[in-house]
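The data block below is run.cif; it holds mmCIF, C-alpha atoms.
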```
data_query
#
loop_
_atom_site.group_PDB
_atom_site.id
_atom_site.type_symbol
_atom_site.label_atom_id
_atom_site.label_comp_id
_atom_site.auth_asym_id
_atom_site.auth_seq_id
_atom_site.Cartn_x
_atom_site.Cartn_y
_atom_site.Cartn_z
ATOM 1 C CA MET A 146 -15.304 -24.808 -1.548
ATOM 2 C CA LYS A 147 -12.119 -25.432 -3.523
ATOM 3 C CA ILE A 148 -8.863 -25.972 -1.664
ATOM 4 C CA LEU A 149 -5.351 -27.066 -2.582
ATOM 5 C CA PRO A 150 -4.525 -30.691 -1.765
ATOM 6 C CA ARG A 151 -1.910 -31.401 0.877
ATOM 7 C CA GLU A 152 0.598 -32.511 -1.772
ATOM 8 C CA ALA A 153 0.366 -29.104 -3.412
ATOM 9 C CA GLN A 154 0.785 -27.329 -0.072
ATOM 10 C CA LEU A 155 3.945 -29.314 0.661
ATOM 11 C CA ALA A 156 5.320 -28.580 -2.814
ATOM 12 C CA LEU A 157 4.803 -24.835 -2.340
ATOM 13 C CA ILE A 158 6.333 -24.819 1.143
ATOM 14 C CA GLU A 159 9.398 -26.714 -0.087
ATOM 15 C CA TRP A 160 9.785 -24.293 -2.990
ATOM 16 C CA TYR A 161 9.644 -21.375 -0.567
ATOM 17 C CA ARG A 162 12.315 -22.860 1.674
ATOM 18 C CA GLU A 163 14.626 -23.088 -1.315
ATOM 19 C CA ASN A 164 13.781 -19.804 -3.041
ATOM 20 C CA ALA A 165 12.628 -17.262 -0.456
ATOM 21 C CA ARG A 166 14.248 -13.843 -0.610
ATOM 22 C CA ASP A 167 16.139 -12.660 2.453
ATOM 23 C CA LEU A 168 13.997 -9.647 3.374
ATOM 24 C CA PRO A 169 14.588 -7.649 6.577
ATOM 25 C CA TRP A 170 11.035 -8.006 7.898
ATOM 26 C CA ARG A 171 11.371 -11.794 7.643
ATOM 27 C CA ARG A 172 14.166 -11.674 10.217
ATOM 28 C CA THR A 173 11.955 -10.320 12.972
ATOM 29 C CA ARG A 174 8.786 -11.141 14.867
ATOM 30 C CA ASP A 175 8.505 -7.626 16.317
ATOM 31 C CA PRO A 176 4.868 -6.648 15.638
ATOM 32 C CA TYR A 177 5.743 -2.964 15.269
ATOM 33 C CA ARG A 178 8.330 -3.693 12.585
ATOM 34 C CA ILE A 179 5.949 -6.085 10.862
ATOM 35 C CA MET A 180 3.252 -3.393 10.836
ATOM 36 C CA VAL A 181 5.667 -0.825 9.384
ATOM 37 C CA SER A 182 6.748 -3.204 6.631
ATOM 38 C CA GLU A 183 3.220 -4.295 5.735
ATOM 39 C CA ILE A 184 1.934 -0.744 5.395
ATOM 40 C CA MET A 185 4.986 0.311 3.382
ATOM 41 C CA LEU A 186 4.588 -2.667 1.048
ATOM 42 C CA GLN A 187 1.030 -1.756 0.098
ATOM 43 C CA GLN A 188 1.239 -0.819 -3.612
ATOM 44 C CA THR A 189 5.006 -0.254 -3.386
ATOM 45 C CA GLN A 190 7.745 -2.502 -4.741
ATOM 46 C CA VAL A 191 10.031 -4.351 -2.351
ATOM 47 C CA ASP A 192 13.216 -2.782 -3.723
ATOM 48 C CA ARG A 193 11.884 0.696 -2.962
ATOM 49 C CA VAL A 194 10.686 -0.286 0.488
ATOM 50 C CA ILE A 195 13.865 -1.885 1.883
ATOM 51 C CA PRO A 196 15.983 1.300 2.272
ATOM 52 C CA LYS A 197 12.976 3.317 3.471
ATOM 53 C CA TYR A 198 12.133 0.608 6.005
ATOM 54 C CA HIS A 199 15.604 0.814 7.546
ATOM 55 C CA ALA A 200 15.649 4.626 7.507
ATOM 56 C CA PHE A 201 12.160 4.900 9.007
ATOM 57 C CA LEU A 202 13.029 2.553 11.882
ATOM 58 C CA GLU A 203 16.181 4.506 12.619
ATOM 59 C CA LEU A 204 14.059 7.623 13.054
ATOM 60 C CA PHE A 205 11.185 5.879 14.855
ATOM 61 C CA PRO A 206 12.606 2.680 16.422
ATOM 62 C CA THR A 207 9.578 1.982 18.633
ATOM 63 C CA LEU A 208 5.820 2.404 18.681
ATOM 64 C CA GLU A 209 6.236 5.103 21.297
ATOM 65 C CA ALA A 210 8.750 7.019 19.187
ATOM 66 C CA LEU A 211 6.380 7.025 16.217
ATOM 67 C CA ALA A 212 3.367 7.915 18.342
ATOM 68 C CA ASP A 213 5.180 10.890 19.899
ATOM 69 C CA ALA A 214 6.653 12.273 16.674
ATOM 70 C CA PRO A 215 5.255 15.371 14.956
ATOM 71 C CA VAL A 216 3.088 14.439 11.987
ATOM 72 C CA SER A 217 5.280 16.549 9.704
ATOM 73 C CA GLU A 218 8.343 14.436 10.586
ATOM 74 C CA VAL A 219 6.482 11.232 9.762
ATOM 75 C CA ILE A 220 5.342 12.601 6.398
ATOM 76 C CA ARG A 221 8.882 13.759 5.609
ATOM 77 C CA ALA A 222 10.244 10.324 6.489
ATOM 78 C CA TRP A 223 7.734 8.793 4.074
ATOM 79 C CA ALA A 224 9.211 10.653 1.084
ATOM 80 C CA GLY A 225 9.755 8.360 -1.887
ATOM 81 C CA LEU A 226 7.114 5.801 -0.953
ATOM 82 C CA GLY A 227 4.019 7.544 -2.323
ATOM 83 C CA TYR A 228 0.464 7.193 -1.017
ATOM 84 C CA ASN A 229 1.272 9.555 1.860
ATOM 85 C CA ARG A 230 -2.005 8.801 3.616
ATOM 86 C CA ARG A 231 -0.407 5.518 4.693
ATOM 87 C CA ALA A 232 2.047 7.476 6.838
ATOM 88 C CA LEU A 233 -0.825 9.085 8.738
ATOM 89 C CA ASN A 234 -2.585 5.742 9.140
ATOM 90 C CA LEU A 235 0.580 4.135 10.475
ATOM 91 C CA GLN A 236 1.066 6.858 13.063
ATOM 92 C CA ARG A 237 -2.604 6.799 14.045
ATOM 93 C CA ALA A 238 -2.371 3.054 14.612
ATOM 94 C CA ALA A 239 0.768 3.503 16.716
ATOM 95 C CA ARG A 240 -0.926 6.201 18.809
ATOM 96 C CA ALA A 241 -3.948 3.949 19.359
ATOM 97 C CA VAL A 242 -1.732 1.081 20.518
ATOM 98 C CA VAL A 243 0.009 3.385 22.998
ATOM 99 C CA ALA A 244 -3.186 5.042 24.237
ATOM 100 C CA GLU A 245 -5.507 2.027 24.307
ATOM 101 C CA HIS A 246 -3.204 -0.973 24.767
ATOM 102 C CA GLY A 247 -0.411 0.397 26.941
ATOM 103 C CA GLY A 248 2.064 0.282 24.066
ATOM 104 C CA GLU A 249 1.662 -3.460 23.531
ATOM 105 C CA MET A 250 0.441 -4.515 20.105
ATOM 106 C CA PRO A 251 -2.839 -6.453 20.304
ATOM 107 C CA ARG A 252 -2.585 -10.066 19.187
ATOM 108 C CA THR A 253 -5.994 -10.979 17.797
ATOM 109 C CA VAL A 254 -7.169 -10.151 14.296
ATOM 110 C CA ALA A 255 -10.305 -8.505 15.692
ATOM 111 C CA GLU A 256 -8.306 -6.187 17.978
ATOM 112 C CA LEU A 257 -5.824 -5.386 15.232
ATOM 113 C CA ARG A 258 -8.624 -4.526 12.812
ATOM 114 C CA ALA A 259 -9.998 -2.065 15.376
ATOM 115 C CA LEU A 260 -6.835 0.031 15.041
ATOM 116 C CA PRO A 261 -7.217 3.072 12.744
ATOM 117 C CA GLY A 262 -6.015 2.421 9.218
ATOM 118 C CA ILE A 263 -5.600 -1.351 9.707
ATOM 119 C CA GLY A 264 -7.671 -3.427 7.293
ATOM 120 C CA PRO A 265 -8.312 -7.176 7.191
ATOM 121 C CA TYR A 266 -5.157 -7.996 5.238
ATOM 122 C CA THR A 267 -2.787 -6.004 7.469
ATOM 123 C CA ALA A 268 -4.433 -7.344 10.627
ATOM 124 C CA GLY A 269 -4.038 -10.909 9.383
ATOM 125 C CA ALA A 270 -0.449 -10.320 8.325
ATOM 126 C CA ILE A 271 0.535 -8.928 11.740
ATOM 127 C CA ALA A 272 -1.191 -11.789 13.568
ATOM 128 C CA CYS A 273 0.522 -14.326 11.320
ATOM 129 C CA PHE A 274 3.987 -12.869 10.771
ATOM 130 C CA ALA A 275 4.503 -11.367 14.241
ATOM 131 C CA PHE A 276 2.621 -13.853 16.429
ATOM 132 C CA GLU A 277 2.769 -16.899 14.090
ATOM 133 C CA GLN A 278 -0.966 -17.503 14.258
ATOM 134 C CA ASP A 279 -2.589 -19.821 11.724
ATOM 135 C CA VAL A 280 -4.743 -17.134 10.118
ATOM 136 C CA GLY A 281 -5.508 -16.744 6.432
ATOM 137 C CA PHE A 282 -5.763 -13.485 4.513
ATOM 138 C CA ALA A 283 -5.423 -12.325 0.936
ATOM 139 C CA ASP A 284 -3.283 -9.606 -0.536
ATOM 140 C CA THR A 285 -3.029 -9.032 -4.284
ATOM 141 C CA ASN A 286 -0.446 -11.783 -4.760
ATOM 142 C CA ILE A 287 -2.290 -14.393 -2.717
ATOM 143 C CA ARG A 288 -5.578 -13.582 -4.415
ATOM 144 C CA ARG A 289 -4.014 -13.935 -7.872
ATOM 145 C CA VAL A 290 -2.280 -17.244 -7.108
ATOM 146 C CA LEU A 291 -5.344 -18.885 -5.570
ATOM 147 C CA HIS A 292 -7.614 -17.702 -8.368
ATOM 148 C CA ARG A 293 -5.339 -18.994 -11.115
ATOM 149 C CA VAL A 294 -4.626 -22.342 -9.483
ATOM 150 C CA LEU A 295 -8.158 -23.144 -8.319
ATOM 151 C CA TYR A 296 -10.400 -21.293 -10.798
ATOM 152 C CA GLY A 297 -8.242 -20.632 -13.838
ATOM 153 C CA PRO A 298 -7.192 -17.315 -15.395
ATOM 154 C CA GLU A 299 -8.670 -14.041 -14.190
ATOM 155 C CA LEU A 300 -8.892 -12.932 -17.831
ATOM 156 C CA PRO A 301 -11.065 -11.828 -19.521
ATOM 157 C CA GLN A 302 -13.024 -11.844 -16.239
ATOM 158 C CA HIS A 303 -12.748 -13.343 -12.784
ATOM 159 C CA ALA A 304 -14.370 -16.699 -12.139
ATOM 160 C CA ALA A 305 -14.479 -16.113 -8.379
ATOM 161 C CA THR A 306 -15.227 -12.994 -6.351
ATOM 162 C CA PRO A 307 -12.597 -11.426 -4.080
ATOM 163 C CA ARG A 308 -14.631 -12.555 -1.063
ATOM 164 C CA GLU A 309 -14.689 -16.150 -2.310
ATOM 165 C CA ILE A 310 -10.914 -16.116 -2.665
ATOM 166 C CA GLU A 311 -10.543 -14.577 0.800
ATOM 167 C CA GLN A 312 -12.675 -17.366 2.253
ATOM 168 C CA ILE A 313 -10.486 -19.955 0.555
ATOM 169 C CA ALA A 314 -7.384 -18.252 1.976
ATOM 170 C CA GLU A 315 -8.920 -18.337 5.457
ATOM 171 C CA ILE A 316 -9.647 -22.078 5.420
ATOM 172 C CA SER A 317 -6.527 -23.180 3.503
ATOM 173 C CA VAL A 318 -3.907 -22.524 6.172
ATOM 174 C CA PRO A 319 -2.140 -25.783 7.152
ATOM 175 C CA GLU A 320 -2.186 -26.296 10.912
ATOM 176 C CA GLY A 321 1.003 -25.075 12.543
ATOM 177 C CA GLU A 322 2.354 -23.711 9.243
ATOM 178 C CA GLY A 323 0.537 -20.393 8.909
ATOM 179 C CA TYR A 324 3.709 -18.294 8.765
ATOM 180 C CA ILE A 325 5.511 -20.217 6.041
ATOM 181 C CA TRP A 326 2.307 -20.944 4.100
ATOM 182 C CA ASN A 327 1.285 -17.307 3.753
ATOM 183 C CA GLN A 328 4.836 -16.191 3.026
ATOM 184 C CA ALA A 329 5.079 -18.873 0.335
ATOM 185 C CA LEU A 330 1.848 -17.818 -1.387
ATOM 186 C CA MET A 331 2.940 -14.191 -1.405
ATOM 187 C CA GLU A 332 6.416 -15.077 -2.670
ATOM 188 C CA LEU A 333 5.020 -17.181 -5.492
ATOM 189 C CA GLY A 334 2.850 -14.270 -6.600
ATOM 190 C CA ALA A 335 5.791 -11.878 -6.440
ATOM 191 C CA LEU A 336 8.367 -14.020 -8.238
ATOM 192 C CA ILE A 337 6.588 -16.589 -10.432
ATOM 193 C CA CYS A 338 2.859 -15.959 -10.836
ATOM 194 C CA ARG A 339 3.053 -12.241 -11.522
ATOM 195 C CA ALA A 340 0.247 -9.978 -12.680
ATOM 196 C CA ARG A 341 1.531 -9.450 -16.225
ATOM 197 C CA SER A 342 3.909 -12.372 -16.724
ATOM 198 C CA THR A 343 4.377 -15.902 -15.426
ATOM 199 C CA ASP A 344 7.125 -18.498 -15.198
ATOM 200 C CA CYS A 345 4.921 -21.567 -15.279
ATOM 201 C CA GLU A 346 7.857 -23.918 -15.921
ATOM 202 C CA SER A 347 9.326 -22.995 -12.518
ATOM 203 C CA CYS A 348 6.051 -22.997 -10.584
ATOM 204 C CA PRO A 349 5.706 -25.626 -7.847
ATOM 205 C CA LEU A 350 1.922 -25.581 -8.315
ATOM 206 C CA ALA A 351 1.984 -26.028 -12.087
ATOM 207 C CA ARG A 352 0.563 -29.554 -12.097
ATOM 208 C CA TRP A 353 -2.494 -28.419 -10.115
ATOM 209 C CA CYS A 354 -2.976 -25.043 -11.840
ATOM 210 C CA LEU A 355 -6.110 -24.599 -13.957
ATOM 211 C CA ALA A 356 -4.734 -21.409 -15.533
ATOM 212 C CA ARG A 357 -1.484 -22.921 -16.782
ATOM 213 C CA PRO A 358 -2.643 -24.027 -20.272
ATOM 214 C CA VAL A 359 -3.762 -20.523 -21.307
ATOM 215 C CA ILE A 360 -2.482 -17.869 -18.892
ATOM 216 C CA GLN A 361 0.635 -16.859 -20.819
ATOM 217 C CA GLU A 362 -1.283 -16.483 -24.074
ATOM 218 C CA LEU A 363 -3.982 -14.420 -22.364
ATOM 219 C CA LEU A 364 -1.468 -12.132 -20.657
ATOM 220 C CA ALA A 365 0.369 -11.537 -23.940
ATOM 221 C CA ALA A 366 -2.886 -10.670 -25.694
ATOM 222 C CA GLU A 367 -3.885 -8.310 -22.908
ATOM 223 C CA GLN A 368 -0.528 -6.536 -23.068
ATOM 224 C CA SER A 369 -0.813 -6.142 -26.848
ATOM 225 C CA THR A 370 -4.315 -4.665 -26.493
ATOM 226 C CA ARG A 371 -3.140 -2.309 -23.764
ATOM 227 C CA VAL A 372 -0.290 -1.003 -25.922
ATOM 228 C CA GLN A 373 -2.557 -0.473 -28.935
ATOM 229 C CA ARG A 374 -5.168 1.421 -26.927
ATOM 230 C CA ARG A 375 -2.509 3.602 -25.373
ATOM 231 C CA ARG A 376 -1.055 4.484 -28.774
ATOM 232 C CA GLN A 377 -4.493 5.336 -30.128
ATOM 233 C CA GLY A 378 -5.581 7.236 -27.029
ATOM 234 C CA LEU A 379 -8.679 5.089 -26.668
ATOM 235 C CA PRO A 380 -10.812 4.755 -23.523
ATOM 236 C CA GLY A 381 -9.470 2.083 -21.222
ATOM 237 C CA ALA A 382 -5.849 2.946 -21.951
ATOM 238 C CA SER A 383 -3.664 3.673 -18.954
ATOM 239 C CA GLU A 384 -3.825 7.312 -17.902
ATOM 240 C CA PRO A 385 -0.382 8.968 -17.863
ATOM 241 C CA PHE A 386 0.745 9.176 -14.247
ATOM 242 C CA GLU A 387 1.617 12.861 -14.648
ATOM 243 C CA THR A 388 -2.071 13.678 -15.174
ATOM 244 C CA THR A 389 -3.449 11.787 -12.170
ATOM 245 C CA SER A 390 -4.687 13.092 -8.844
ATOM 246 C CA ARG A 391 -2.089 10.941 -7.104
ATOM 247 C CA TYR A 392 0.681 12.721 -9.032
ATOM 248 C CA PHE A 393 -0.456 16.238 -8.145
ATOM 249 C CA ARG A 394 -1.166 15.356 -4.522
ATOM 250 C CA GLY A 395 2.266 13.795 -4.234
ATOM 251 C CA ARG A 396 4.007 16.812 -5.745
ATOM 252 C CA ILE A 397 2.221 19.174 -3.344
ATOM 253 C CA VAL A 398 3.382 17.145 -0.340
ATOM 254 C CA ASP A 399 6.901 16.840 -1.788
ATOM 255 C CA HIS A 400 7.286 20.615 -2.096
ATOM 256 C CA LEU A 401 5.853 21.233 1.367
ATOM 257 C CA ARG A 402 8.356 18.809 2.873
ATOM 258 C CA ASP A 403 11.035 21.370 1.962
ATOM 259 C CA ALA A 404 9.035 24.452 2.958
ATOM 260 C CA PRO A 405 8.762 24.648 6.754
ATOM 261 C CA HIS A 406 7.020 28.033 6.563
ATOM 262 C CA GLY A 407 4.559 26.880 3.939
ATOM 263 C CA LEU A 408 3.686 27.863 0.382
ATOM 264 C CA THR A 409 0.677 29.505 -1.236
ATOM 265 C CA ALA A 410 -1.438 27.745 -3.849
ATOM 266 C CA GLU A 411 0.039 30.052 -6.483
ATOM 267 C CA GLN A 412 3.584 29.186 -5.437
ATOM 268 C CA LEU A 413 2.803 25.472 -5.439
ATOM 269 C CA ALA A 414 1.195 25.695 -8.884
ATOM 270 C CA GLY A 415 4.264 27.454 -10.267
ATOM 271 C CA LEU A 416 6.601 24.838 -8.850
ATOM 272 C CA ILE A 417 4.545 21.918 -10.130
ATOM 273 C CA ASP A 418 3.609 23.168 -13.610
ATOM 274 C CA ALA A 419 4.676 26.708 -14.480
ATOM 275 C CA GLU A 420 3.081 26.469 -17.941
ATOM 276 C CA ARG A 421 -0.482 26.155 -16.639
ATOM 277 C CA THR A 422 -2.030 29.586 -16.290
ATOM 278 C CA GLU A 423 -5.675 28.949 -15.375
ATOM 279 C CA ASN A 424 -6.574 30.245 -11.940
ATOM 280 C CA GLY A 425 -7.121 27.773 -9.157
ATOM 281 C CA TRP A 426 -6.322 24.614 -11.134
ATOM 282 C CA LEU A 427 -4.387 23.113 -8.211
ATOM 283 C CA GLN A 428 -6.949 23.992 -5.514
ATOM 284 C CA PRO A 429 -9.043 20.774 -5.726
ATOM 285 C CA TYR A 430 -5.940 18.716 -4.938
ATOM 286 C CA ILE A 431 -5.024 21.034 -2.070
ATOM 287 C CA ASP A 432 -8.549 20.777 -0.682
ATOM 288 C CA GLY A 433 -8.384 16.988 -0.816
ATOM 289 C CA LEU A 434 -5.116 16.957 1.110
ATOM 290 C CA LEU A 435 -6.639 19.308 3.698
ATOM 291 C CA ARG A 436 -9.590 16.954 4.175
ATOM 292 C CA ASP A 437 -7.245 13.982 4.586
ATOM 293 C CA GLY A 438 -5.146 15.793 7.199
ATOM 294 C CA LEU A 439 -1.969 15.558 5.127
ATOM 295 C CA ILE A 440 -1.549 19.341 5.015
ATOM 296 C CA VAL A 441 -2.906 22.268 7.006
ATOM 297 C CA VAL A 442 -3.295 26.007 6.516
ATOM 298 C CA ALA A 443 -0.352 27.804 8.070
ATOM 299 C CA GLN A 444 -1.171 30.133 10.948
ATOM 300 C CA SER A 445 -0.325 33.440 9.344
ATOM 301 C CA ALA A 446 -1.683 36.904 8.722
ATOM 302 C CA GLY A 447 -4.483 36.384 11.217
ATOM 303 C CA LEU A 448 -5.884 33.365 9.377
ATOM 304 C CA ALA A 449 -7.105 30.411 11.404
ATOM 305 C CA GLU A 450 -5.061 27.244 11.113
ATOM 306 C CA GLU A 451 -6.645 24.346 9.220
ATOM 307 C CA SER A 452 -9.511 26.557 8.004
ATOM 308 C CA PRO A 453 -9.164 28.051 4.529
ATOM 309 C CA ALA A 454 -11.146 31.234 3.860
ATOM 310 C CA TYR A 455 -14.181 30.569 1.717
ATOM 311 C CA ASP A 456 -15.675 34.035 2.115
ATOM 312 C CA GLY A 457 -15.352 34.995 -1.521
ATOM 313 C CA GLU A 458 -12.431 37.332 -0.894
ATOM 314 C CA ALA A 459 -9.916 36.206 -3.511
ATOM 315 C CA ARG A 460 -7.169 38.380 -2.088
ATOM 316 C CA ALA A 461 -7.426 36.821 1.365
ATOM 317 C CA ALA A 462 -7.581 33.333 -0.097
ATOM 318 C CA SER A 463 -4.486 33.954 -2.194
ATOM 319 C CA ARG A 464 -2.510 34.718 0.982
ATOM 320 C CA LEU A 465 -3.234 31.317 2.469
ATOM 321 C CA ARG A 466 -0.083 29.309 3.004
ATOM 322 C CA TYR A 467 -0.145 25.557 3.306
ATOM 323 C CA GLN A 468 2.264 23.391 5.260
ATOM 324 C CA LEU A 469 2.640 19.904 6.700
ATOM 325 C CA PRO A 470 0.901 19.324 10.044
ATOM 326 C CA ASP A 471 2.930 19.856 13.227
#
```

When written as structure tokens, how does the structure in this file appear?
Amino acid sequence: MKILPREAQLALIEWYRENARDLPWRRTRDPYRIMVSEIMLQQTQVDRVIPKYHAFLELFPTLEALADAPVSEVIRAWAGLGYNRRALNLQRAARAVVAEHGGEMPRTVAELRALPGIGPYTAGAIACFAFEQDVGFADTNIRRVLHRVLYGPELPQHAATPREIEQIAEISVPEGEGYIWNQALMELGALICRARSTDCESCPLARWCLARPVIQELLAAEQSTRVQRRRQGLPGASEPFETTSRYFRGRIVDHLRDAPHGLTAEQLAGLIDAERTENGWLQPYIDGLLRDGLIVVAQSAGLAEESPAYDGEARAASRLRYQLPD
């Protein structure tokens, strides 16, 4: 299995020491704060996370505070981060730590992975960044860097599977340097070896990188193709965000954050897109949020909470009000 030589590891670590950003979660080894930051950073840019990280910890400074909080408060505190299901997963993990581990975060990757909503990457990150264990894991940045350096460009197709890259990440950790090694790989992917652009001249791994001769040309060609397909409306072009399920789900939750007594589907539809007139167009997104536990049916007019009426009576269904969970 391919692995970076020790000289390359030292070059990357030295680069990190000189170029690492001063991020708030790098100033702590508190496993709760590390968990909060790692879940917030999933699919969300650092600049958006930093203020939300501070605000969230002011509201919920400890595992116990988060575990005891009403779900609705946690969802409201998550506003602006998107992917609201992460807020539920974070609270569920905190409640499991309190209920099953006496409020003390487990230290092993296996125990961390057993927590609800904690996957292999987050478990590895907590073990490494909170407890400084020499464990390897692969987020998007690490996976991209290792693939490009060891296998070449991921375009037009990957030369290694995600599992192969994860295995390389697991066996590549220098002994006693797990914390700085993983931080350095992630930082390189965030600042230098980015998904759609690279700064190969500044990369500490350039002399070992198999992708370097062609990666910039391939990325430019891919961007040009993407723009052309979008202009022509061809399959494979990026779908406008305002037409996605994530957009509509997010807008529903956003409006319910400001409606403590709930809103009907008709009211929500009018707030989100008043020009759409077809009946029930928003209901599939509402139903998905109900299944995920992100919203509930308000207890009103004799209707059972968390159980929408599917009895065919349109009038009764139209009276259903939805709200954030208590």

May I have the protein, DNA and RNA residues with any atom at most 12 Å from the point (4.4, 3.5, -2.1), counting only C-alpha atoms, written as a PyMOL selection string?
chain A and resi 182-195+197-198+223-232+391+395

Atom CA of Gln328 of chain A to atom CA of Phe201 of chain A, straight-line distance in Å
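Pair atom CA of Phe201 of chain A / atom CA of Gln328 of chain A returns 23.1 Å.
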
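Near Pro169 of chain A, within 10 Å and counting all atoms listed in the file, sit Arg166, Asp167, Arg171, Arg172, Thr173, Arg178, Ile179, Ser182, Ile195, Tyr198 and His199 of chain A, not including residues fewer than 2 positions from it in the same chain.
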
Give the answer as one residue: which of A:Thr343, A:Thr267, A:Gln377, A:Gln428 has the shortest atom-to-atom distance to Ala365 of chain A, using only C-alpha atoms?
A:Thr343

For the structure shown, which residues end up in the PyMOL selection byres ((chain A and resi 410) around 10)? Put them as a list of chain:residue names, please?
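Applied to this file, the PyMOL selection byres ((chain A and resi 410) around 10) selects A:Ile397, A:Gly407, A:Leu408, A:Thr409, A:Glu411, A:Gln412, A:Leu413, A:Ala414, A:Gly415, A:Leu416, A:Asn424, A:Gly425, A:Trp426, A:Leu427, A:Gln428, A:Ile431, A:Ala462, A:Ser463, A:Arg464, A:Leu465, A:Arg466, A:Tyr467.
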
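Look at Leu204 of chain A: the protein and nucleic acid residues within 12 Å of it, using only C-alpha atoms and passing over chain neighbours fewer than 6 places away, are Lys197, Tyr198, Ala210, Leu211, Ala212, Asp213, Ala214, Pro215, Glu218, Val219, Arg221, Ala222 and Trp223 of chain A.
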
What is the distance, in Å and to one decimal place, between atom CA of Pro176 of chain A and atom CA of Ala314 of chain A?
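Atom CA of Ala314 of chain A lies 21.7 Å from atom CA of Pro176 of chain A.
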
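Using all atoms listed in the file, the nearest neighbour of Pro405 of chain A within the list A:Ser217, A:Trp353, A:Pro251, A:Ala283 is A:Ser217.
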
Tell me, in Å to one decimal, how far atom CA of Ala165 of chain A is from atom CA of Glu315 of chain A.
22.4 Å

Enumerate, as a list of chain:residue names, the residues matched when the PyMOL selection byres ((chain A and resi 284) around 9) is run on the file above.
A:Gln187, A:Tyr266, A:Thr267, A:Phe282, A:Ala283, A:Thr285, A:Asn286, A:Ile287, A:Arg288, A:Arg289, A:Glu311, A:Met331

Can you turn the PyMOL selection byres ((chain A and resi 318) around 12) into a concrete residue list for this file, as a JSON list (two decimals) with C-alpha atoms, keeping the file's coordinate frame?
```json
[["chain", "number", "residue", "atom", "x", "y", "z"],
["A", 148, "ILE", "CA", -8.86, -25.97, -1.66],
["A", 149, "LEU", "CA", -5.35, -27.07, -2.58],
["A", 150, "PRO", "CA", -4.53, -30.69, -1.76],
["A", 151, "ARG", "CA", -1.91, -31.40, 0.88],
["A", 154, "GLN", "CA", 0.78, -27.33, -0.07],
["A", 155, "LEU", "CA", 3.94, -29.31, 0.66],
["A", 158, "ILE", "CA", 6.33, -24.82, 1.14],
["A", 273, "CYS", "CA", 0.52, -14.33, 11.32],
["A", 277, "GLU", "CA", 2.77, -16.90, 14.09],
["A", 278, "GLN", "CA", -0.97, -17.50, 14.26],
["A", 279, "ASP", "CA", -2.59, -19.82, 11.72],
["A", 280, "VAL", "CA", -4.74, -17.13, 10.12],
["A", 281, "GLY", "CA", -5.51, -16.74, 6.43],
["A", 282, "PHE", "CA", -5.76, -13.48, 4.51],
["A", 283, "ALA", "CA", -5.42, -12.32, 0.94],
["A", 311, "GLU", "CA", -10.54, -14.58, 0.80],
["A", 312, "GLN", "CA", -12.68, -17.37, 2.25],
["A", 313, "ILE", "CA", -10.49, -19.95, 0.56],
["A", 314, "ALA", "CA", -7.38, -18.25, 1.98],
["A", 315, "GLU", "CA", -8.92, -18.34, 5.46],
["A", 316, "ILE", "CA", -9.65, -22.08, 5.42],
["A", 317, "SER", "CA", -6.53, -23.18, 3.50],
["A", 319, "PRO", "CA", -2.14, -25.78, 7.15],
["A", 320, "GLU", "CA", -2.19, -26.30, 10.91],
["A", 321, "GLY", "CA", 1.00, -25.08, 12.54],
["A", 322, "GLU", "CA", 2.35, -23.71, 9.24],
["A", 323, "GLY", "CA", 0.54, -20.39, 8.91],
["A", 324, "TYR", "CA", 3.71, -18.29, 8.76],
["A", 325, "ILE", "CA", 5.51, -20.22, 6.04],
["A", 326, "TRP", "CA", 2.31, -20.94, 4.10],
["A", 327, "ASN", "CA", 1.28, -17.31, 3.75],
["A", 328, "GLN", "CA", 4.84, -16.19, 3.03],
["A", 329, "ALA", "CA", 5.08, -18.87, 0.34],
["A", 330, "LEU", "CA", 1.85, -17.82, -1.39]]
```

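Minimum atom-to-atom distance to Phe393 of chain A, evaluated using all atoms listed in the file, belongs to A:Gly433 out of A:Glu159, A:Ser369, A:Cys354, A:Gly433.
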
Considering all atoms listed in the file, state which residue in the set A:Ile220, A:Ala259, A:Met180, A:Ala200 is at the smallest distance from Phe276 of chain A.
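Nearest candidate to Phe276 of chain A out of A:Ile220, A:Ala259, A:Met180, A:Ala200: A:Met180.
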
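Minimum atom-to-atom distances from A:Glu309, A:Pro385, A:Glu299, A:Gln373 to Ile360 of chain A were compared using all atoms listed in the file, and the lowest value belongs to A:Glu299.
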